[in-house]
file my_file.txt (compact mmCIF, C-alpha atoms)
# COMPACT_ATOMS: atom_id res chain seq x y z
CA MET A 1 42.34 27.16 -75.43
CA THR A 2 41.56 23.52 -76.22
CA GLU A 3 38.08 22.34 -77.18
CA SER A 4 36.77 19.43 -75.14
CA LYS A 5 35.54 16.50 -77.17
CA PRO A 6 32.16 15.04 -76.22
CA ASP A 7 32.17 11.57 -74.67
CA ALA A 8 29.62 10.17 -77.09
CA VAL A 9 28.13 11.41 -80.32
CA VAL A 10 24.54 10.45 -81.10
CA PRO A 11 24.16 10.03 -84.87
CA THR A 12 21.34 11.93 -86.55
CA PRO A 13 18.46 9.71 -87.65
CA ASP A 14 18.73 8.36 -91.17
CA ILE A 15 15.76 9.92 -92.96
CA THR A 16 16.69 8.34 -96.29
CA VAL A 17 15.53 4.95 -95.02
CA PRO A 18 11.80 4.53 -95.71
CA LYS A 19 9.42 3.82 -92.86
CA SER A 20 8.83 0.11 -92.45
CA ASN A 21 5.24 -1.09 -92.68
CA LYS A 22 5.55 -4.70 -91.61
CA ASP A 23 2.84 -5.38 -89.06
CA PHE A 24 -0.92 -5.70 -89.41
CA HIS A 25 -2.34 -4.79 -86.03
CA ASN A 26 -5.73 -5.68 -84.63
CA TYR A 27 -7.64 -3.87 -81.91
CA ASP A 28 -6.60 -4.59 -78.33
CA PHE A 29 -9.10 -5.61 -75.70
CA ILE A 30 -8.92 -5.32 -71.94
CA VAL A 31 -10.36 -7.25 -69.03
CA ARG A 32 -10.25 -5.54 -65.63
CA PHE A 33 -11.03 -7.42 -62.48
CA ILE A 34 -10.93 -6.63 -58.77
CA GLY A 35 -11.41 -9.59 -56.50
CA VAL A 36 -9.94 -12.90 -55.47
CA VAL A 37 -8.22 -15.01 -58.12
CA ASP A 38 -6.07 -18.14 -58.30
CA PHE A 39 -3.35 -16.57 -60.41
CA ASP A 40 -1.25 -19.73 -60.80
CA ALA A 41 -4.16 -21.53 -62.39
CA LEU A 42 -4.98 -18.51 -64.58
CA TYR A 43 -1.39 -18.28 -65.81
CA ASN A 44 -1.39 -22.02 -66.58
CA LEU A 45 -4.69 -21.68 -68.40
CA VAL A 46 -3.33 -18.97 -70.69
CA CYS A 47 -0.01 -20.74 -71.35
CA LYS A 48 -1.66 -24.09 -72.07
CA TRP A 49 -4.22 -22.47 -74.36
CA MET A 50 -1.44 -20.84 -76.38
CA ARG A 51 0.72 -23.94 -76.53
CA TYR A 52 -2.26 -26.08 -77.57
CA ARG A 53 -2.72 -23.73 -80.51
CA LYS A 54 0.94 -24.17 -81.51
CA PHE A 55 2.19 -20.83 -80.27
CA GLN A 56 5.72 -20.62 -78.95
CA VAL A 57 5.22 -18.87 -75.65
CA TYR A 58 7.84 -16.50 -74.27
CA GLU A 59 7.56 -14.66 -71.00
CA THR A 60 9.13 -11.40 -72.14
CA LEU A 61 8.53 -9.49 -68.92
CA HIS A 62 8.23 -10.58 -65.32
CA LYS A 63 8.22 -7.64 -62.99
CA PHE A 64 7.82 -8.39 -59.31
CA LYS A 65 7.85 -5.22 -57.25
CA PRO A 66 5.38 -5.96 -54.49
CA PRO A 67 2.56 -5.10 -54.47
CA GLU A 68 2.90 -4.52 -58.24
CA ILE A 69 3.27 -7.55 -60.50
CA GLU A 70 3.56 -7.32 -64.26
CA ILE A 71 3.84 -10.32 -66.55
CA ASP A 72 3.92 -10.26 -70.36
CA LEU A 73 3.40 -13.38 -72.43
CA ASP A 74 4.38 -13.28 -76.10
CA GLY A 75 3.06 -16.05 -78.34
CA ARG A 76 4.56 -16.57 -81.81
CA ARG A 77 3.16 -18.93 -84.40
CA LYS A 78 4.93 -19.25 -87.71
CA LYS A 79 2.62 -19.51 -90.72
CA THR A 80 5.04 -19.11 -93.62
CA PRO A 81 8.71 -18.11 -93.79
CA TYR A 82 7.41 -14.58 -94.46
CA LYS A 83 4.56 -14.10 -91.96
CA ARG A 84 3.69 -15.21 -88.47
CA ASP A 85 1.00 -14.66 -85.86
CA ARG A 86 1.84 -12.78 -82.70
CA ALA A 87 -0.42 -12.82 -79.67
CA PHE A 88 0.30 -10.95 -76.46
CA VAL A 89 -1.33 -11.38 -73.09
CA LYS A 90 -0.22 -8.82 -70.53
CA PHE A 91 -1.07 -9.07 -66.86
CA HIS A 92 -0.69 -6.00 -64.73
CA MET A 93 -1.86 -6.31 -61.14
CA PHE A 94 -1.57 -4.91 -57.67
CA LYS A 95 -1.76 -7.55 -54.99
CA ASN A 96 -3.58 -6.65 -51.81
CA LYS A 97 -3.08 -9.81 -49.82
CA ASP A 98 -2.82 -13.61 -49.94
CA VAL A 99 -6.01 -15.44 -49.20
CA GLU A 100 -6.79 -19.11 -48.51
CA VAL A 101 -10.13 -20.28 -49.81
CA LEU A 102 -11.85 -23.58 -49.05
CA LYS A 103 -13.13 -25.10 -52.32
CA GLY A 104 -14.89 -28.31 -51.52
CA ASP A 105 -12.36 -30.25 -49.44
CA LYS A 106 -9.26 -28.47 -50.72
CA VAL A 107 -7.68 -25.31 -49.46
CA VAL A 108 -6.63 -23.17 -52.43
CA LYS A 109 -4.17 -20.31 -52.16
CA MET A 110 -5.49 -17.26 -53.96
CA ILE A 111 -4.65 -13.59 -54.09
CA ASP A 112 -6.84 -10.54 -53.65
CA VAL A 113 -5.88 -8.32 -56.59
CA ARG A 114 -6.74 -5.43 -58.81
CA MET A 115 -5.85 -6.82 -62.21
CA LYS A 116 -5.81 -5.65 -65.80
CA ILE A 117 -5.33 -8.15 -68.62
CA VAL A 118 -4.60 -6.81 -72.11
CA PHE A 119 -4.99 -9.00 -75.19
CA LYS A 120 -3.12 -7.91 -78.31
CA SER A 121 -2.60 -9.56 -81.65
CA PHE A 122 -1.01 -8.76 -84.97
CA ILE A 123 0.45 -10.40 -88.06
CA GLU A 124 4.16 -9.86 -88.42
CA THR A 125 5.67 -10.02 -91.89
CA GLY A 126 9.32 -10.36 -92.82
CA TYR A 127 10.22 -11.26 -89.28
CA SER A 128 13.75 -11.50 -87.94
CA ASN A 129 15.30 -14.83 -87.00
CA GLU A 130 16.24 -15.95 -83.47
CA LEU A 131 19.50 -13.99 -83.62
CA GLY A 132 17.67 -10.78 -84.44
CA TRP A 133 18.81 -10.55 -88.06
CA ASP A 134 16.10 -9.23 -90.37
CA ARG A 135 16.88 -9.82 -94.03
CA TRP A 136 14.24 -7.34 -95.09
CA ASN A 137 15.81 -4.51 -93.12
CA THR A 138 19.28 -4.56 -94.63
CA SER A 139 18.74 -1.87 -97.30
CA SER A 140 16.28 0.81 -98.33
CA PHE A 141 15.34 -1.14 -101.45
CA LYS A 142 14.39 -4.21 -99.40
CA ILE A 143 12.32 -2.09 -97.01
CA PHE A 144 10.56 -0.54 -100.01
CA LEU A 145 9.99 -4.04 -101.47
CA ARG A 146 8.50 -5.31 -98.22
CA ASN A 147 6.22 -2.29 -97.95
CA PHE A 148 5.13 -2.76 -101.57
CA ILE A 149 4.33 -6.46 -101.03
CA ASN A 150 2.45 -5.74 -97.81
CA ARG A 151 0.45 -2.83 -99.19
CA TYR A 152 -0.50 -4.09 -102.63
CA ILE A 153 0.10 -7.80 -103.07
CA ILE A 154 -0.80 -9.70 -99.91
CA LYS A 155 -2.77 -7.03 -98.03
CA LYS A 156 -6.19 -8.52 -98.70
CA GLU A 157 -5.03 -12.06 -97.91
CA ILE A 158 -3.71 -10.95 -94.52
CA ASP A 159 -6.57 -8.56 -93.69
CA VAL A 160 -9.34 -11.02 -94.48
CA GLY A 161 -7.73 -14.36 -93.68
CA ASP A 162 -4.90 -14.28 -91.16
CA SER A 163 -5.67 -11.13 -89.20
CA ASP A 164 -9.30 -12.03 -88.54
CA SER A 165 -8.51 -15.59 -87.53
CA ILE A 166 -5.95 -14.63 -84.87
CA TYR A 167 -8.25 -11.82 -83.66
CA TYR A 168 -11.21 -14.14 -83.05
CA GLU A 169 -8.98 -16.88 -81.64
CA LEU A 170 -7.83 -14.43 -79.00
CA TYR A 171 -11.48 -13.67 -78.22
CA GLU A 172 -11.86 -17.36 -77.44
CA LEU A 173 -9.03 -17.04 -74.92
CA GLN A 174 -10.67 -13.93 -73.47
CA GLN A 175 -13.89 -15.92 -73.05
CA LYS A 176 -12.04 -18.69 -71.20
CA VAL A 177 -10.37 -16.13 -68.92
CA LYS A 178 -13.74 -14.52 -68.14
CA GLU A 179 -15.24 -17.93 -67.34
CA PHE A 180 -12.31 -18.69 -65.08
CA LEU A 181 -12.76 -15.38 -63.25
CA GLU A 182 -16.50 -16.12 -63.00
CA MET A 183 -17.42 -12.83 -64.61
CA GLU A 184 -20.98 -12.09 -65.61
CA ALA A 185 -20.11 -11.18 -69.21
CA LYS A 186 -19.31 -14.71 -70.29
CA GLY A 187 -20.03 -16.09 -73.71
CA ASN A 188 -18.99 -15.34 -77.23
CA ALA A 189 -21.32 -15.44 -80.17
CA TYR A 190 -18.53 -15.31 -82.71
CA MET B 1 -6.37 10.58 -90.47
CA ALA B 2 -9.82 9.02 -90.87
CA GLU B 3 -12.80 11.31 -90.48
CA THR B 4 -15.43 10.37 -87.91
CA HIS B 5 -19.01 11.55 -88.43
CA PHE B 6 -21.09 11.44 -85.25
CA ILE B 7 -24.61 10.89 -86.52
CA THR B 8 -26.94 9.74 -83.81
CA GLY B 9 -25.68 11.52 -80.71
CA ARG B 10 -25.70 9.84 -77.31
CA ARG B 11 -28.80 8.00 -76.20
CA GLU B 12 -29.22 6.49 -72.76
CA ILE B 13 -31.22 3.57 -71.48
CA ASN B 14 -31.71 3.33 -67.73
CA PHE B 15 -33.07 0.31 -65.94
CA GLU B 16 -33.37 -0.74 -62.33
CA GLY B 17 -34.50 -4.18 -61.32
CA VAL B 18 -33.78 -7.83 -61.78
CA LEU B 19 -31.99 -8.99 -64.89
CA ASN B 20 -29.69 -11.65 -66.26
CA VAL B 21 -26.39 -10.00 -67.16
CA SER B 22 -25.00 -13.01 -69.03
CA ASP B 23 -28.13 -13.16 -71.20
CA LEU B 24 -27.92 -9.45 -71.87
CA HIS B 25 -24.29 -9.79 -72.96
CA ALA B 26 -25.11 -12.80 -75.12
CA SER B 27 -28.08 -11.09 -76.77
CA LEU B 28 -25.96 -8.04 -77.56
CA ASP B 29 -23.25 -10.25 -79.06
CA HIS B 30 -25.75 -12.19 -81.15
CA TRP B 31 -27.42 -9.04 -82.39
CA PHE B 32 -24.15 -7.60 -83.63
CA LYS B 33 -23.16 -10.88 -85.24
CA GLU B 34 -26.50 -11.14 -87.09
CA LYS B 35 -26.14 -7.63 -88.45
CA GLY B 36 -22.65 -8.41 -89.74
CA TYR B 37 -20.62 -6.34 -87.28
CA ASP B 38 -17.13 -7.34 -86.24
CA LYS B 39 -16.62 -7.79 -82.53
CA ASN B 40 -14.67 -5.18 -80.59
CA GLU B 41 -14.96 -5.53 -76.84
CA VAL B 42 -12.69 -2.67 -75.85
CA ARG B 43 -13.10 -3.06 -72.10
CA CYS B 44 -14.84 -5.46 -69.76
CA GLU B 45 -14.56 -4.61 -66.09
CA GLU B 46 -15.89 -6.19 -62.89
CA ILE B 47 -15.17 -4.79 -59.49
CA ALA B 48 -16.32 -6.37 -56.23
CA THR B 49 -17.42 -3.69 -53.77
CA LYS B 50 -19.21 -3.68 -50.41
CA ASP B 51 -22.57 -2.81 -51.99
CA GLY B 52 -22.29 -5.43 -54.72
CA LYS B 53 -20.47 -5.68 -58.03
CA TYR B 54 -19.75 -2.84 -60.40
CA ILE B 55 -19.71 -3.98 -64.03
CA GLU B 56 -18.64 -1.88 -66.98
CA TRP B 57 -18.58 -2.83 -70.66
CA LEU B 58 -17.38 -0.81 -73.60
CA PHE B 59 -18.11 -2.27 -77.03
CA GLU B 60 -17.25 -0.57 -80.31
CA PRO B 61 -18.15 -3.10 -82.98
CA TRP B 62 -17.61 -2.00 -86.55
CA LYS B 63 -18.97 -2.95 -89.93
CA LYS B 64 -16.96 -2.23 -93.08
CA VAL B 65 -19.59 -1.26 -95.61
CA THR B 66 -17.07 -0.42 -98.33
CA ASP B 67 -13.30 -0.01 -98.41
CA TYR B 68 -13.93 3.68 -97.68
CA VAL B 69 -16.69 3.69 -95.04
CA LYS B 70 -17.22 1.76 -91.86
CA LEU B 71 -20.05 2.01 -89.34
CA VAL B 72 -19.34 1.94 -85.61
CA ILE B 73 -21.88 1.68 -82.80
CA ARG B 74 -20.49 2.39 -79.36
CA VAL B 75 -22.20 0.67 -76.43
CA HIS B 76 -21.11 1.77 -72.98
CA ALA B 77 -22.90 -0.15 -70.23
CA ARG B 78 -22.48 0.51 -66.53
CA MET B 79 -24.10 -1.61 -63.84
CA TYR B 80 -24.11 -0.57 -60.22
CA ASN B 81 -24.77 -2.49 -57.01
CA ILE B 82 -25.19 -5.85 -58.72
CA THR B 83 -26.20 -8.48 -56.19
CA GLU B 84 -27.32 -12.06 -56.74
CA VAL B 85 -30.92 -13.08 -56.27
CA THR B 86 -32.72 -16.38 -56.77
CA VAL B 87 -35.96 -16.02 -58.68
CA GLU B 88 -38.60 -18.69 -59.08
CA ILE B 89 -39.92 -18.92 -62.65
CA ASP B 90 -42.51 -21.66 -63.34
CA LYS B 91 -41.46 -23.32 -60.07
CA HIS B 92 -37.82 -23.47 -61.19
CA PRO B 93 -35.30 -21.43 -59.19
CA MET B 94 -33.10 -19.32 -61.43
CA ARG B 95 -30.01 -17.33 -60.60
CA MET B 96 -30.33 -13.70 -61.60
CA VAL B 97 -28.93 -10.40 -60.42
CA LYS B 98 -30.49 -7.11 -59.45
CA GLY B 99 -29.11 -3.65 -59.70
CA ARG B 100 -29.08 -0.40 -61.65
CA VAL B 101 -28.09 -0.39 -65.31
CA ASN B 102 -27.15 2.57 -67.46
CA ILE B 103 -26.44 1.93 -71.15
CA MET B 104 -25.21 4.69 -73.40
CA LEU B 105 -25.37 4.22 -77.17
CA GLU B 106 -23.66 6.25 -79.84
CA GLY B 107 -23.48 5.70 -83.59
CA MET B 108 -20.87 7.04 -85.95
CA PHE B 109 -19.41 6.29 -89.33
CA ILE B 110 -15.81 6.65 -90.30
CA THR B 111 -14.65 7.55 -93.79
CA ASP B 112 -11.26 6.78 -95.23
CA TYR B 113 -10.40 4.43 -92.36
CA GLU B 114 -7.34 3.13 -94.26
CA ASP B 115 -5.90 6.67 -94.46
CA ARG B 116 -5.42 6.57 -98.21
CA PHE B 117 -6.30 10.22 -98.75
CA ASP B 118 -4.18 11.61 -95.93
CA GLN B 119 -0.88 11.49 -97.75
CA GLN B 120 -1.04 15.03 -99.09
CA PRO B 121 -3.13 18.12 -98.32
CA PHE B 122 -4.56 18.15 -101.84
CA TYR B 123 -5.89 14.58 -101.46
CA PHE B 124 -7.38 15.55 -98.11
CA PHE B 125 -9.13 18.53 -99.73
CA ILE B 126 -10.49 16.36 -102.56
CA ARG B 127 -11.76 13.81 -100.05
CA THR B 128 -13.62 16.47 -98.08
CA LEU B 129 -15.17 17.88 -101.29
CA TYR B 130 -16.34 14.47 -102.36
CA ASP B 131 -17.73 13.60 -98.91
CA LYS B 132 -19.64 16.85 -98.52
CA PHE B 133 -20.75 17.65 -102.08
CA PHE B 134 -20.17 15.23 -104.94
CA PHE B 135 -20.89 11.92 -103.20
CA ARG B 136 -23.33 13.37 -100.69
CA ILE B 137 -25.95 10.82 -101.69
CA TYR B 138 -23.70 7.98 -100.56
CA THR B 139 -22.83 9.75 -97.31
CA GLN B 140 -26.54 10.17 -96.58
CA LYS B 141 -27.22 6.56 -97.52
CA TYR B 142 -24.62 5.29 -95.04
CA SER B 143 -25.84 7.58 -92.30
CA GLY B 144 -29.38 6.29 -92.95
CA LEU B 145 -28.17 2.72 -92.62
CA LEU B 146 -26.41 3.58 -89.39
CA ILE B 147 -29.51 5.26 -87.94
CA GLU B 148 -31.59 2.21 -88.88
CA HIS B 149 -29.19 -0.16 -87.08
CA PHE B 150 -28.93 2.18 -84.13
CA ASP B 151 -32.69 2.35 -83.67
CA GLU B 152 -33.00 -1.41 -84.00
CA LEU B 153 -30.34 -1.91 -81.34
CA ARG B 154 -32.09 0.50 -78.96
CA ALA B 155 -35.39 -1.30 -79.45
CA HIS B 156 -33.66 -4.67 -78.99
CA LEU B 157 -32.04 -3.60 -75.71
CA LYS B 158 -35.24 -2.07 -74.38
CA SER B 159 -37.21 -5.19 -75.18
CA ALA B 160 -34.54 -7.42 -73.62
CA LEU B 161 -34.59 -5.39 -70.39
CA ASN B 162 -38.37 -5.29 -70.35
CA LEU B 163 -38.45 -9.02 -70.84
CA PHE B 164 -36.53 -9.53 -67.61
CA ARG B 165 -39.08 -7.39 -65.82
CA PHE B 166 -41.99 -9.50 -67.03
CA LYS B 167 -40.33 -12.73 -65.92
CA ILE B 168 -40.72 -11.84 -62.25
CA GLU B 169 -43.79 -12.92 -60.28
CA HIS B 170 -44.87 -10.37 -57.72

call {"tool": "encode", "arguments": {"input": "my_file.txt", "output": "structure tokens"}}
result
Amino acid sequence: MTESKPDAVVPTPDITVPKSNKDFHNYDFIVRFIGVVDFDALYNLVCKWMRYRKFQVYETLHKFKPPEIEIDLDGRRKKTPYKRDRAFVKFHMFKNKDVEVLKGDKVVKMIDVRMKIVFKSFIETGYSNELGWDRWNTSSFKIFLRNFINRYIIKKEIDVGDSDSIYYELYELQQKVKEFLEMEAKGNAY
Amino acid sequence: MAETHFITGRREINFEGVLNVSDLHASLDHWFKEKGYDKNEVRCEEIATKDGKYIEWLFEPWKKVTDYVKLVIRVHARMYNITEVTVEIDKHPMRMVKGRVNIMLEGMFITDYEDRFDQQPFYFFIRTLYDKFFFRIYTQKYSGLLIEHFDELRAHLKSALNLFRFKIEH
């Protein structure tokens, strides 16, 4: 009786490799809106805001399954060869219908949606290059070294300086989005 | 995991009448900034319905008192049937809204928010001993500070909502 060999063997996870502690995350914040919105203009507003602040903007997800539309924007801003800012703006909406609205003399095409916008930010350390190669992930010792640097040496600098600045910058974008959507909770004291 | 101590319990403020939602939001923001809290607007929701707008805010601003303790005040505001009205104040028409407002406040403080004493069960045990017995004075001091801020915030919100009421000429 012959034993059948499996088609694929999934390797067991390597528990000797230490857990990587490379990102400093901030709290996420959400804006939910149900109503009529000019989404093209909103998308342009967010992209231009990020590009003006020297983020490289990548649209990492564009899901169009009517009526569901999901778009993820990933902004990356390099600060040093070791750390960079990451800002995410995720749109998730369900389109009810297309609407034409008369604004002054112009007819503007808008959409009636239920929309959720999520703003996320974090500081990424020891990031990989464009080809996906991460020099800090090549051995256990380098992972340990990165964790040590992040936890003891530059932790305060990132927590107080970089993390806070990207966090409040993203609040500025949130304020602009709320003004664009003509929400009541406009304004930002920070 | 960090330990959360719920100190004040939930307190509600209910209001029905004419108010300025943008001013209310701005005054809340300014109050937290003056007291040294970091902004955390978890959720901001506006839904257009047949009876008017439904607005919901959830704020959880925090203040790191030490590297071990941080204070959090949760503000959950819900506004129903918000419709626009034009109000004349000193012969100047002003845009305001009217509706029903329900604001729920809750204060808590979180110890060991960086999870330094969660690595081993023994550290966790030592942390609990220190929180409850040896450094009880500090725990009570922080809870006193939280209660003070909480009461000030309640009074601030009540006075802001009352102010809107007194602006209207009947």

call {"tool": "closest_residue", "arguments": {"input": "my_file.txt", "among": "B:Asn81, B:Ser143, B:Thr128, B:Asn102", "to": "B:Gly52", "atoms": "all atoms listed in the file"}}
result
B:Asn81

call {"tool": "interface_residues", "arguments": {"input": "my_file.txt", "of": "chain A", "to": "chain B", "cutoff": "8 Å", "atoms": "all atoms listed in the file", "output": "list in words"}}
result
Tyr27, Asp28, Phe29, Ile30, Val31, Arg32, Phe33, Ile34, Gly35, Met183, Glu184, Ala185, Lys186, Gly187, Asn188, Ala189 and Tyr190 of chain A

call {"tool": "residues_around", "arguments": {"input": "my_file.txt", "residues": "B:Ile7", "least_positions_apart": "2", "cutoff": "8 Å", "atoms": "all atoms listed in the file", "output": "list in words"}}
result
His5, Gly9, Gly107, Met108, Phe109, Ser143 and Ile147 of chain B

call {"tool": "atom_distance", "arguments": {"input": "my_file.txt", "atom1": "atom CA of A:Lys83", "atom2": "atom CA of A:Lys120"}}
result
16.8 Å

call {"tool": "closest_residue", "arguments": {"input": "my_file.txt", "among": "A:Leu102, A:Val177, A:Met50, A:Ile158", "to": "A:Asp23", "atoms": "only C-alpha atoms"}}
result
A:Ile158

call {"tool": "atom_distance", "arguments": {"input": "my_file.txt", "atom1": "atom CA of A:Leu145", "atom2": "atom CA of B:Arg116"}}
result
19.0 Å

call {"tool": "residues_around", "arguments": {"input": "my_file.txt", "residues": "A:Lys78", "least_positions_apart": "2", "cutoff": "10 Å", "atoms": "all atoms listed in the file", "output": "PyMOL selection string"}}
result
chain A and resi 54-56+76+80-86+123-124+127

call {"tool": "atom_distance", "arguments": {"input": "my_file.txt", "atom1": "atom CA of B:Arg11", "atom2": "atom CA of B:Ile82"}}
result
22.6 Å

call {"tool": "residues_around", "arguments": {"input": "my_file.txt", "residues": "B:Gly144", "least_positions_apart": "4", "cutoff": "12 Å", "atoms": "all atoms listed in the file", "output": "ChimeraX atom specification"}}
result
/B:7-8,71,107-109,137-140,148-151

call {"tool": "decode", "arguments": {"input": "my_file.txt", "residues": "stretch 141-149 of chain B", "atoms": "all heavy atoms", "output": "mmCIF file, in the first residue's frame"}}
result
data_model
loop_
_atom_site.group_PDB
_atom_site.id
_atom_site.type_symbol
_atom_site.label_atom_id
_atom_site.label_comp_id
_atom_site.auth_asym_id
_atom_site.auth_seq_id
_atom_site.Cartn_x
_atom_site.Cartn_y
_atom_site.Cartn_z
ATOM 1 N N LYS B 141 -5.127 60.353 44.290
ATOM 2 C CA LYS B 141 -4.837 61.715 43.800
ATOM 3 C C LYS B 141 -5.262 61.844 42.337
ATOM 4 O O LYS B 141 -5.905 62.831 41.952
ATOM 5 C CB LYS B 141 -3.335 61.976 43.954
ATOM 6 C CG LYS B 141 -2.864 63.338 43.496
ATOM 7 C CD LYS B 141 -1.382 63.486 43.750
ATOM 8 C CE LYS B 141 -0.672 63.802 42.460
ATOM 9 N NZ LYS B 141 0.781 63.862 42.583
ATOM 10 N N TYR B 142 -4.956 60.835 41.525
ATOM 11 C CA TYR B 142 -5.310 60.906 40.104
ATOM 12 C C TYR B 142 -6.812 60.824 39.912
ATOM 13 O O TYR B 142 -7.378 61.500 39.053
ATOM 14 C CB TYR B 142 -4.613 59.789 39.302
ATOM 15 C CG TYR B 142 -3.111 59.851 39.375
ATOM 16 C CD1 TYR B 142 -2.360 58.713 39.600
ATOM 17 C CD2 TYR B 142 -2.433 61.059 39.231
ATOM 18 C CE1 TYR B 142 -0.974 58.773 39.683
ATOM 19 C CE2 TYR B 142 -1.056 61.125 39.318
ATOM 20 C CZ TYR B 142 -0.338 59.980 39.549
ATOM 21 O OH TYR B 142 1.031 60.042 39.635
ATOM 22 N N SER B 143 -7.454 60.002 40.740
ATOM 23 C CA SER B 143 -8.917 59.915 40.587
ATOM 24 C C SER B 143 -9.554 61.234 41.018
ATOM 25 O O SER B 143 -10.555 61.667 40.436
ATOM 26 C CB SER B 143 -9.494 58.727 41.347
ATOM 27 O OG SER B 143 -9.265 58.855 42.710
ATOM 28 N N GLY B 144 -8.973 61.898 42.017
ATOM 29 C CA GLY B 144 -9.469 63.221 42.425
ATOM 30 C C GLY B 144 -9.325 64.246 41.322
ATOM 31 O O GLY B 144 -10.239 65.047 41.061
ATOM 32 N N LEU B 145 -8.190 64.187 40.638
ATOM 33 C CA LEU B 145 -7.962 65.116 39.513
ATOM 34 C C LEU B 145 -8.960 64.862 38.400
ATOM 35 O O LEU B 145 -9.518 65.797 37.797
ATOM 36 C CB LEU B 145 -6.528 64.920 39.003
ATOM 37 C CG LEU B 145 -6.059 65.778 37.851
ATOM 38 C CD1 LEU B 145 -6.020 67.234 38.252
ATOM 39 C CD2 LEU B 145 -4.666 65.341 37.383
ATOM 40 N N LEU B 146 -9.218 63.577 38.144
ATOM 41 C CA LEU B 146 -10.172 63.226 37.092
ATOM 42 C C LEU B 146 -11.572 63.717 37.442
ATOM 43 O O LEU B 146 -12.276 64.287 36.591
ATOM 44 C CB LEU B 146 -10.177 61.702 36.900
ATOM 45 C CG LEU B 146 -11.229 61.162 35.942
ATOM 46 C CD1 LEU B 146 -10.878 61.540 34.523
ATOM 47 C CD2 LEU B 146 -11.321 59.650 36.047
ATOM 48 N N ILE B 147 -11.977 63.518 38.692
ATOM 49 C CA ILE B 147 -13.316 63.955 39.122
ATOM 50 C C ILE B 147 -13.432 65.471 38.994
ATOM 51 O O ILE B 147 -14.467 65.998 38.568
ATOM 52 C CB ILE B 147 -13.606 63.480 40.558
ATOM 53 C CG1 ILE B 147 -13.767 61.959 40.573
ATOM 54 C CG2 ILE B 147 -14.855 64.140 41.117
ATOM 55 C CD1 ILE B 147 -13.796 61.356 41.959
ATOM 56 N N GLU B 148 -12.361 66.173 39.339
ATOM 57 C CA GLU B 148 -12.371 67.647 39.244
ATOM 58 C C GLU B 148 -12.587 68.081 37.804
ATOM 59 O O GLU B 148 -13.437 68.922 37.487
ATOM 60 C CB GLU B 148 -11.026 68.153 39.749
ATOM 61 C CG GLU B 148 -10.947 69.638 39.995
ATOM 62 C CD GLU B 148 -9.520 70.045 40.334
ATOM 63 O OE1 GLU B 148 -8.888 69.381 41.196
ATOM 64 O OE2 GLU B 148 -9.034 71.010 39.713
ATOM 65 N N HIS B 149 -11.838 67.467 36.862
ATOM 66 C CA HIS B 149 -11.980 67.814 35.439
ATOM 67 C C HIS B 149 -13.354 67.431 34.924
ATOM 68 O O HIS B 149 -13.974 68.157 34.138
ATOM 69 C CB HIS B 149 -10.904 67.092 34.605
ATOM 70 C CG HIS B 149 -9.548 67.692 34.747
ATOM 71 N ND1 HIS B 149 -8.416 67.118 34.202
ATOM 72 C CD2 HIS B 149 -9.125 68.811 35.373
ATOM 73 C CE1 HIS B 149 -7.380 67.861 34.474
ATOM 74 N NE2 HIS B 149 -7.777 68.895 35.189
#
